[in-house]
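Enquirer: Quick one, query.txt (compact mmCIF, C-alpha atoms):
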# COMPACT_ATOMS: atom_id res chain seq x y z
CA MET A 1 -72.75 104.52 -73.23
CA ARG A 2 -71.69 103.81 -76.79
CA ALA A 3 -68.25 105.28 -76.08
CA ARG A 4 -67.84 103.01 -73.04
CA LEU A 5 -68.72 99.90 -75.08
CA LEU A 6 -66.25 100.85 -77.78
CA ALA A 7 -63.48 101.33 -75.17
CA THR A 8 -64.21 97.93 -73.61
CA ALA A 9 -64.08 96.23 -77.00
CA ALA A 10 -60.74 97.90 -77.76
CA VAL A 11 -59.19 96.70 -74.52
CA GLY A 12 -60.39 93.16 -75.21
CA ALA A 13 -58.88 93.20 -78.67
CA VAL A 14 -55.51 94.39 -77.39
CA THR A 15 -55.48 91.72 -74.62
CA SER A 16 -56.24 88.94 -77.13
CA THR A 17 -53.44 90.14 -79.39
CA LEU A 18 -50.91 90.15 -76.53
CA LEU A 19 -51.92 86.67 -75.37
CA ALA A 20 -51.59 85.25 -78.88
CA ALA A 21 -48.13 86.76 -79.26
CA ALA A 22 -46.85 85.53 -75.86
CA PRO A 23 -44.54 82.44 -75.98
CA ALA A 24 -45.91 79.12 -74.72
CA PRO A 25 -44.98 78.19 -71.12
CA ALA A 26 -41.60 76.50 -70.90
CA ASP A 27 -41.34 72.83 -70.06
CA PRO A 28 -40.35 72.73 -66.35
CA SER A 29 -37.82 69.97 -67.07
CA ALA A 30 -36.06 72.24 -69.55
CA LEU A 31 -35.74 75.19 -67.18
CA PRO A 32 -32.26 75.77 -65.76
CA GLY A 33 -31.87 75.09 -62.07
CA PRO A 34 -30.00 77.15 -59.54
CA PRO A 35 -26.36 78.03 -60.25
CA GLY A 36 -24.18 74.93 -60.14
CA ALA A 37 -27.12 72.52 -60.40
CA SER A 38 -27.09 69.83 -63.07
CA VAL A 39 -29.98 69.49 -65.50
CA ILE A 40 -31.59 66.05 -65.77
CA THR A 41 -32.25 65.27 -69.40
CA GLY A 42 -33.32 61.65 -69.14
CA ARG A 43 -31.38 58.41 -68.64
CA ARG A 44 -29.41 57.18 -71.62
CA ALA A 45 -28.97 53.56 -72.57
CA GLY A 46 -26.14 52.09 -70.56
CA ASN A 47 -26.76 54.34 -67.54
CA THR A 48 -29.53 52.15 -66.12
CA GLU A 49 -28.90 50.55 -62.75
CA VAL A 50 -29.53 46.81 -62.79
CA PRO A 51 -30.49 45.50 -59.33
CA VAL A 52 -28.34 42.84 -57.69
CA THR A 53 -30.40 39.96 -56.30
CA GLY A 54 -27.60 38.06 -54.56
CA GLY A 55 -24.31 36.30 -55.03
CA THR A 56 -21.04 35.37 -53.33
CA ALA A 57 -17.44 36.51 -53.21
CA ARG A 58 -14.47 34.36 -52.26
CA PHE A 59 -11.67 36.39 -50.66
CA GLU A 60 -8.21 34.83 -50.36
CA ALA A 61 -4.83 36.12 -49.27
CA PRO A 62 -2.41 36.15 -52.24
CA PRO A 63 0.53 33.71 -51.88
CA LYS A 64 3.12 36.46 -51.23
CA LEU A 65 1.07 38.05 -48.47
CA LEU A 66 0.05 34.69 -47.03
CA ALA A 67 3.70 33.67 -46.64
CA ALA A 68 4.50 36.96 -44.90
CA LEU A 69 1.52 36.55 -42.57
CA GLU A 70 2.54 33.01 -41.65
CA ASP A 71 6.10 34.16 -40.93
CA HIS A 72 4.66 36.60 -38.38
CA GLY A 73 2.25 34.10 -36.86
CA VAL A 74 -0.84 35.70 -38.40
CA THR A 75 -3.77 33.55 -39.48
CA ILE A 76 -7.10 34.36 -41.16
CA ALA A 77 -10.42 33.38 -39.58
CA ARG A 78 -14.09 33.86 -40.34
CA LEU A 79 -16.17 36.51 -38.63
CA ASP A 80 -19.90 36.02 -38.09
CA ALA A 81 -22.62 38.68 -38.22
CA ARG A 82 -22.26 39.31 -34.48
CA GLY A 83 -18.54 39.96 -34.77
CA ARG A 84 -17.51 36.65 -33.23
CA ILE A 85 -14.29 35.07 -34.51
CA SER A 86 -14.33 31.43 -35.58
CA ARG A 87 -11.97 29.19 -33.63
CA GLN A 88 -10.98 27.37 -36.79
CA PRO A 89 -8.63 29.10 -39.29
CA ALA A 90 -10.20 29.73 -42.67
CA ALA A 91 -9.63 26.90 -45.12
CA ASP A 92 -6.95 27.75 -47.69
CA ALA A 93 -6.69 31.20 -46.08
CA GLY A 94 -9.96 32.15 -47.76
CA VAL A 95 -13.35 33.40 -46.65
CA ARG A 96 -16.60 33.35 -48.60
CA LEU A 97 -18.95 36.30 -48.11
CA ASP A 98 -22.54 36.54 -49.33
CA ILE A 99 -23.65 39.49 -51.43
CA GLU A 100 -27.01 40.81 -50.30
CA GLY A 101 -27.74 43.71 -52.63
CA GLY A 102 -26.56 46.61 -54.73
CA ALA A 103 -26.76 47.61 -58.37
CA VAL A 104 -24.62 47.33 -61.50
CA THR A 105 -24.14 49.86 -64.30
CA ASN A 106 -22.04 50.26 -67.42
CA SER A 107 -19.74 53.19 -66.75
CA GLY A 108 -17.62 54.04 -69.78
CA GLY A 109 -17.37 50.41 -70.83
CA LYS A 110 -16.35 49.34 -67.31
CA VAL A 111 -18.48 47.74 -64.61
CA GLY A 112 -19.89 50.37 -62.25
CA GLY A 113 -22.30 50.38 -59.34
CA GLU A 114 -22.07 48.93 -55.86
CA LEU A 115 -22.08 45.55 -54.13
CA ARG A 116 -23.28 45.29 -50.53
CA PHE A 117 -22.07 42.30 -48.57
CA ALA A 118 -23.63 40.46 -45.66
CA LYS A 119 -22.81 41.58 -42.11
CA THR A 120 -20.02 39.06 -41.80
CA GLY A 121 -16.33 39.35 -42.55
CA LEU A 122 -12.90 38.09 -41.70
CA ALA A 123 -10.40 38.44 -38.90
CA LEU A 124 -6.61 38.44 -38.73
CA LEU A 125 -5.13 36.84 -35.59
CA ASN A 126 -1.53 37.30 -34.46
CA SER A 127 -0.59 34.39 -32.23
CA GLY A 128 2.72 36.03 -31.32
CA THR A 129 1.34 39.33 -30.02
CA GLY A 130 -2.15 38.14 -29.09
CA LYS A 131 -3.58 40.97 -31.17
CA SER A 132 -6.37 40.74 -33.75
CA VAL A 133 -8.27 42.88 -36.21
CA ARG A 134 -11.79 42.43 -37.55
CA LEU A 135 -12.84 43.49 -41.04
CA SER A 136 -16.60 43.62 -41.59
CA ASP A 137 -19.43 45.41 -43.43
CA PHE A 138 -17.73 45.14 -46.81
CA VAL A 139 -18.92 47.31 -49.71
CA GLY A 140 -17.57 47.01 -53.24
CA ASP A 141 -17.55 50.38 -55.03
CA LEU A 142 -17.38 49.14 -58.62
CA SER A 143 -17.45 52.65 -60.11
CA GLN A 144 -14.32 53.68 -58.20
CA GLY A 145 -12.60 50.30 -58.09
CA ALA A 146 -12.51 50.37 -54.29
CA LEU A 147 -13.28 47.98 -51.44
CA ARG A 148 -14.53 49.54 -48.22
CA ALA A 149 -14.88 47.92 -44.81
CA ARG A 150 -14.97 48.67 -41.11
CA LEU A 151 -11.92 47.79 -39.02
CA ASN A 152 -12.81 46.68 -35.49
CA HIS A 153 -16.28 48.19 -35.97
CA GLY A 154 -14.79 51.64 -36.54
CA PRO A 155 -15.60 54.15 -39.29
CA ASP A 156 -15.93 53.07 -42.91
CA LEU A 157 -12.48 52.86 -44.55
CA THR A 158 -11.27 52.21 -48.10
CA VAL A 159 -9.10 49.18 -47.45
CA GLY A 160 -8.14 48.38 -51.03
CA THR A 161 -8.36 49.26 -54.70
CA PHE A 162 -8.69 47.11 -57.80
CA THR A 163 -8.73 47.40 -61.58
CA ARG A 164 -12.27 47.73 -62.91
CA SER A 165 -13.52 44.98 -65.22
CA ALA A 166 -14.78 45.52 -68.77
CA THR A 167 -18.57 45.24 -68.79
CA LYS A 168 -18.85 43.09 -71.91
CA ALA A 169 -16.36 40.57 -70.55
CA ALA A 170 -17.78 40.46 -67.02
CA VAL A 171 -21.55 40.32 -67.68
CA ASP A 172 -23.19 37.14 -68.98
CA THR A 173 -26.52 38.26 -70.40
CA ASP A 174 -27.72 34.69 -70.95
CA THR A 175 -27.47 33.72 -67.28
CA ALA A 176 -27.87 37.25 -65.82
CA ARG A 177 -24.55 36.99 -63.98
CA LEU A 178 -21.66 39.30 -63.26
CA ARG A 179 -18.36 37.50 -62.71
CA MET A 180 -15.11 39.16 -61.78
CA ASN A 181 -11.69 37.89 -60.77
CA VAL A 182 -9.69 40.75 -59.28
CA GLY A 183 -6.61 41.44 -57.21
CA ILE A 184 -7.04 44.02 -54.45
CA LYS A 185 -4.15 46.27 -53.35
CA VAL A 186 -4.07 47.69 -49.84
CA THR A 187 -4.32 51.46 -49.38
CA ALA A 188 -1.78 53.42 -47.33
CA ALA A 189 -4.36 54.21 -44.64
CA ALA A 190 -5.46 50.58 -44.34
CA ALA A 191 -1.87 49.29 -44.28
CA ALA A 192 -1.04 51.58 -41.38
CA ARG A 193 -4.17 50.60 -39.46
CA LEU A 194 -3.68 46.86 -40.02
CA ASN A 195 -0.01 46.94 -39.00
CA ALA A 196 -0.81 48.92 -35.87
CA ALA A 197 -3.66 46.60 -34.90
CA LEU A 198 -1.59 43.44 -35.37
CA GLY A 199 1.76 44.75 -34.17
CA THR A 200 3.47 43.89 -37.47
CA LYS A 201 4.94 45.55 -40.55
CA VAL A 202 3.51 43.06 -43.03
CA PHE A 203 1.29 45.43 -45.02
CA THR A 204 2.73 48.06 -47.37
CA ALA A 205 0.81 50.66 -49.37
CA GLY A 206 0.03 49.35 -52.86
CA GLY A 207 0.95 45.82 -51.89
CA PRO A 208 -1.33 42.78 -52.12
CA LEU A 209 -4.29 42.55 -49.76
CA LEU A 210 -6.82 40.07 -51.12
CA HIS A 211 -7.77 38.18 -54.25
CA ALA A 212 -11.50 38.12 -54.95
CA ARG A 213 -13.61 35.83 -57.12
CA VAL A 214 -17.02 37.44 -57.41
CA ASP A 215 -20.20 35.81 -58.74
CA VAL A 216 -23.20 38.17 -58.72
CA ARG A 217 -26.81 37.40 -59.65
CA LEU A 218 -28.52 40.22 -61.55
CA ASP A 219 -32.24 40.89 -61.91
CA SER A 220 -33.25 38.48 -64.69
CA SER A 221 -36.37 40.51 -65.53
CA VAL A 222 -34.18 43.31 -66.90
CA ASP A 223 -33.09 43.41 -70.55
CA LEU A 224 -29.38 43.49 -69.74
CA ARG A 225 -28.21 44.19 -73.28
CA THR A 226 -30.27 47.36 -73.41
CA ALA A 227 -29.85 48.43 -69.79
CA LEU A 228 -26.06 48.03 -69.89
CA ASN A 229 -25.68 49.16 -73.50
CA LEU A 230 -24.20 45.86 -74.66
CA ASN A 231 -25.88 45.73 -78.08
CA ARG A 232 -23.23 47.67 -79.93
CA ARG A 233 -20.96 45.69 -82.19
CA PRO A 234 -17.73 46.89 -83.79
CA ALA A 235 -18.14 48.07 -87.37
CA ARG A 236 -17.07 45.60 -90.06
CA ARG A 237 -13.85 46.33 -91.83
CA GLU A 238 -14.12 46.80 -95.56
CA ASP A 239 -11.44 45.34 -97.82
Please re-express this file's structure in structure tokens.
Expert:
Amino acid sequence: MRARLLATAAVGAVTSTLLAAAPAPADPSALPGPPGASVITGRRAGNTEVPVTGGTARFEAPPKLLAALEDHGVTIARLDARGRISRQPAADAGVRLDIEGGAVTNSGGKVGGELRFAKTGLALLNSGTGKSVRLSDFVGDLSQGALRARLNHGPDLTVGTFTRSATKAAVDTDTARLRMNVGIKVTAAAAARLNAALGTKVFTAGGPLLHARVDVRLDSSVDLRTALNLNRRPARRED
């Protein structure tokens, strides 16, 4: 009996020693994931997505393109949410679209994120051929500097590209606004589709497509300077 008690005590002592020496359980967030998976280490300042609460964008045909369109009998008209074309040509060859949602980030000092537009758009009408093309469901990919849309309700297509704006210059932290003034160049795929739909050769890859003046309302409850990492100031030069 005494021998059995001594053996039990010895086993207990060894078990306690092993448990004390064992490393503490690893933090699950620090454990590596499967091969190829990225490890989430927490969001850094400037990587926060600021919600978009609304806004507008004014799209206009640049003067060079507008002249070419007019020479070929092509006019620009508004398109409503049901895909119906307005009978009246757009004033000043421009169309205003509402911005319904999205988010804005600071990506390497440039404006990133996405702008989602209302289910309206614009149409191009060729009076000479009787052909038309509808552009709707616009999405502004600010991180890639790309404008996507659907042509004649087809698949999503990158119709144009633009130079991304510097975050500090584009974001007004006092009024919680994002304002951009950008020229959009037509992609090769979009140029081919537009020319085919209208029966023209007006559009060329890399040529002008639209000029956009964008005014976006950002969530005013967010500290924009912190969220978009706009607090940094250049170091003072010492004489």
Enquirer: Which of these, A:Leu122, A:Leu66, A:Ala176, A:Leu135, has the shortest distance to Arg225 (chain A) once you count only C-alpha atoms?
Expert: A:Ala176
Enquirer: What lies within 6 Å of region 112-117 of chain A using all atoms listed in the file, ignoring chain neighbours under 2 positions off, as a ChimeraX atom specification?
Expert: /A:98-107,138-143
Enquirer: Restricting the calculation to all atoms listed in the file: of A:Arg58, A:His72, A:Arg78, A:Arg96, which residue gets closest to His211 (chain A)?
Expert: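 Ranked by minimum distance to His211 (chain A), first place goes to A:Arg58.
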Enquirer: Have a look at A:Ala227, A:Leu194, A:Met180, A:Ile76 and name the one nearest to Gly55 (chain A); count only C-alpha atoms.
Expert: A:Met180
Enquirer: Identify which of the residues A:Ile85, A:Val50, A:Ala77, A:Ala118 lies closest to Asp137 (chain A), counting all atoms listed in the file when measuring atom-to-atom distances.
Expert: A:Ala118
Enquirer: Using CA of Ala149 (chain A) and CA of Ala81 (chain A) as the two end points, give the distance in Å to one decimal.
Expert: 13.7 Å
Enquirer: Closest to Lys119 (chain A) among A:Val214, A:Leu97, A:Val133, A:Leu230, using all atoms listed in the file?
Expert: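 Looking at the shortest contact to Lys119 (chain A), the residue is A:Leu97.
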Enquirer: Find the spatial neighbours of region 162-171 of chain A, counting only C-alpha atoms, within a cut-off of 6 Å - ignore same-chain residues fewer than 3 positions away - and output them as a list in words.
Expert: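 My list of contacting residues is Gly109, Lys110, Val111, Gly145, Arg177, Leu178, Arg179 and Ile184 of chain A.
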Enquirer: For the residues selected in the previous step, produce a file with C-alpha atoms as an mmCIF file, in the frame of the given file.
Expert:
data_model
loop_
_atom_site.group_PDB
_atom_site.id
_atom_site.type_symbol
_atom_site.label_atom_id
_atom_site.label_comp_id
_atom_site.auth_asym_id
_atom_site.auth_seq_id
_atom_site.Cartn_x
_atom_site.Cartn_y
_atom_site.Cartn_z
ATOM 1 C CA GLY A 109 -17.370 50.410 -70.830
ATOM 2 C CA LYS A 110 -16.350 49.340 -67.310
ATOM 3 C CA VAL A 111 -18.480 47.740 -64.610
ATOM 4 C CA GLY A 145 -12.600 50.300 -58.090
ATOM 5 C CA ARG A 177 -24.550 36.990 -63.980
ATOM 6 C CA LEU A 178 -21.660 39.300 -63.260
ATOM 7 C CA ARG A 179 -18.360 37.500 -62.710
ATOM 8 C CA ILE A 184 -7.040 44.020 -54.450
#
Enquirer: With distances taken over only C-alpha atoms, which residue among A:Leu125, A:Val74, A:Val186, A:Val202 lies nearest Leu157 (chain A)?
Expert: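 That would be A:Val186, the residue with the smallest distance to Leu157 (chain A).
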Enquirer: Please compute the CA of Ala205 (chain A)-CA of Leu65 (chain A) distance, one decimal, in Å.
Expert: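 So the two atoms, CA of Ala205 (chain A) and CA of Leu65 (chain A), lie 12.6 Å apart.
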Enquirer: Using only C-alpha atoms, determine which residues lie at most 12 Å from Thr175 (chain A), disregarding the query and same-chain residues fewer than 2 positions distant; provide the list as a PyMOL selection string.
Expert: chain A and resi 170-173+177-179+215-224
Enquirer: Rounded to one decimal, what separation in Å do you get between CA of Ala123 (chain A) and CA of Gly154 (chain A)?
Expert: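 Separating CA of Ala123 (chain A) from CA of Gly154 (chain A) is a distance of 14.1 Å.
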Enquirer: When you look at Thr158 (chain A) with a cut-off of 9 Å (counting only C-alpha atoms), what residues show up, excluding the ones that are within fewer than 5 positions of it in the same chain? I need them as a ChimeraX atom specification.
Expert: /A:146-150,186-187,189-190
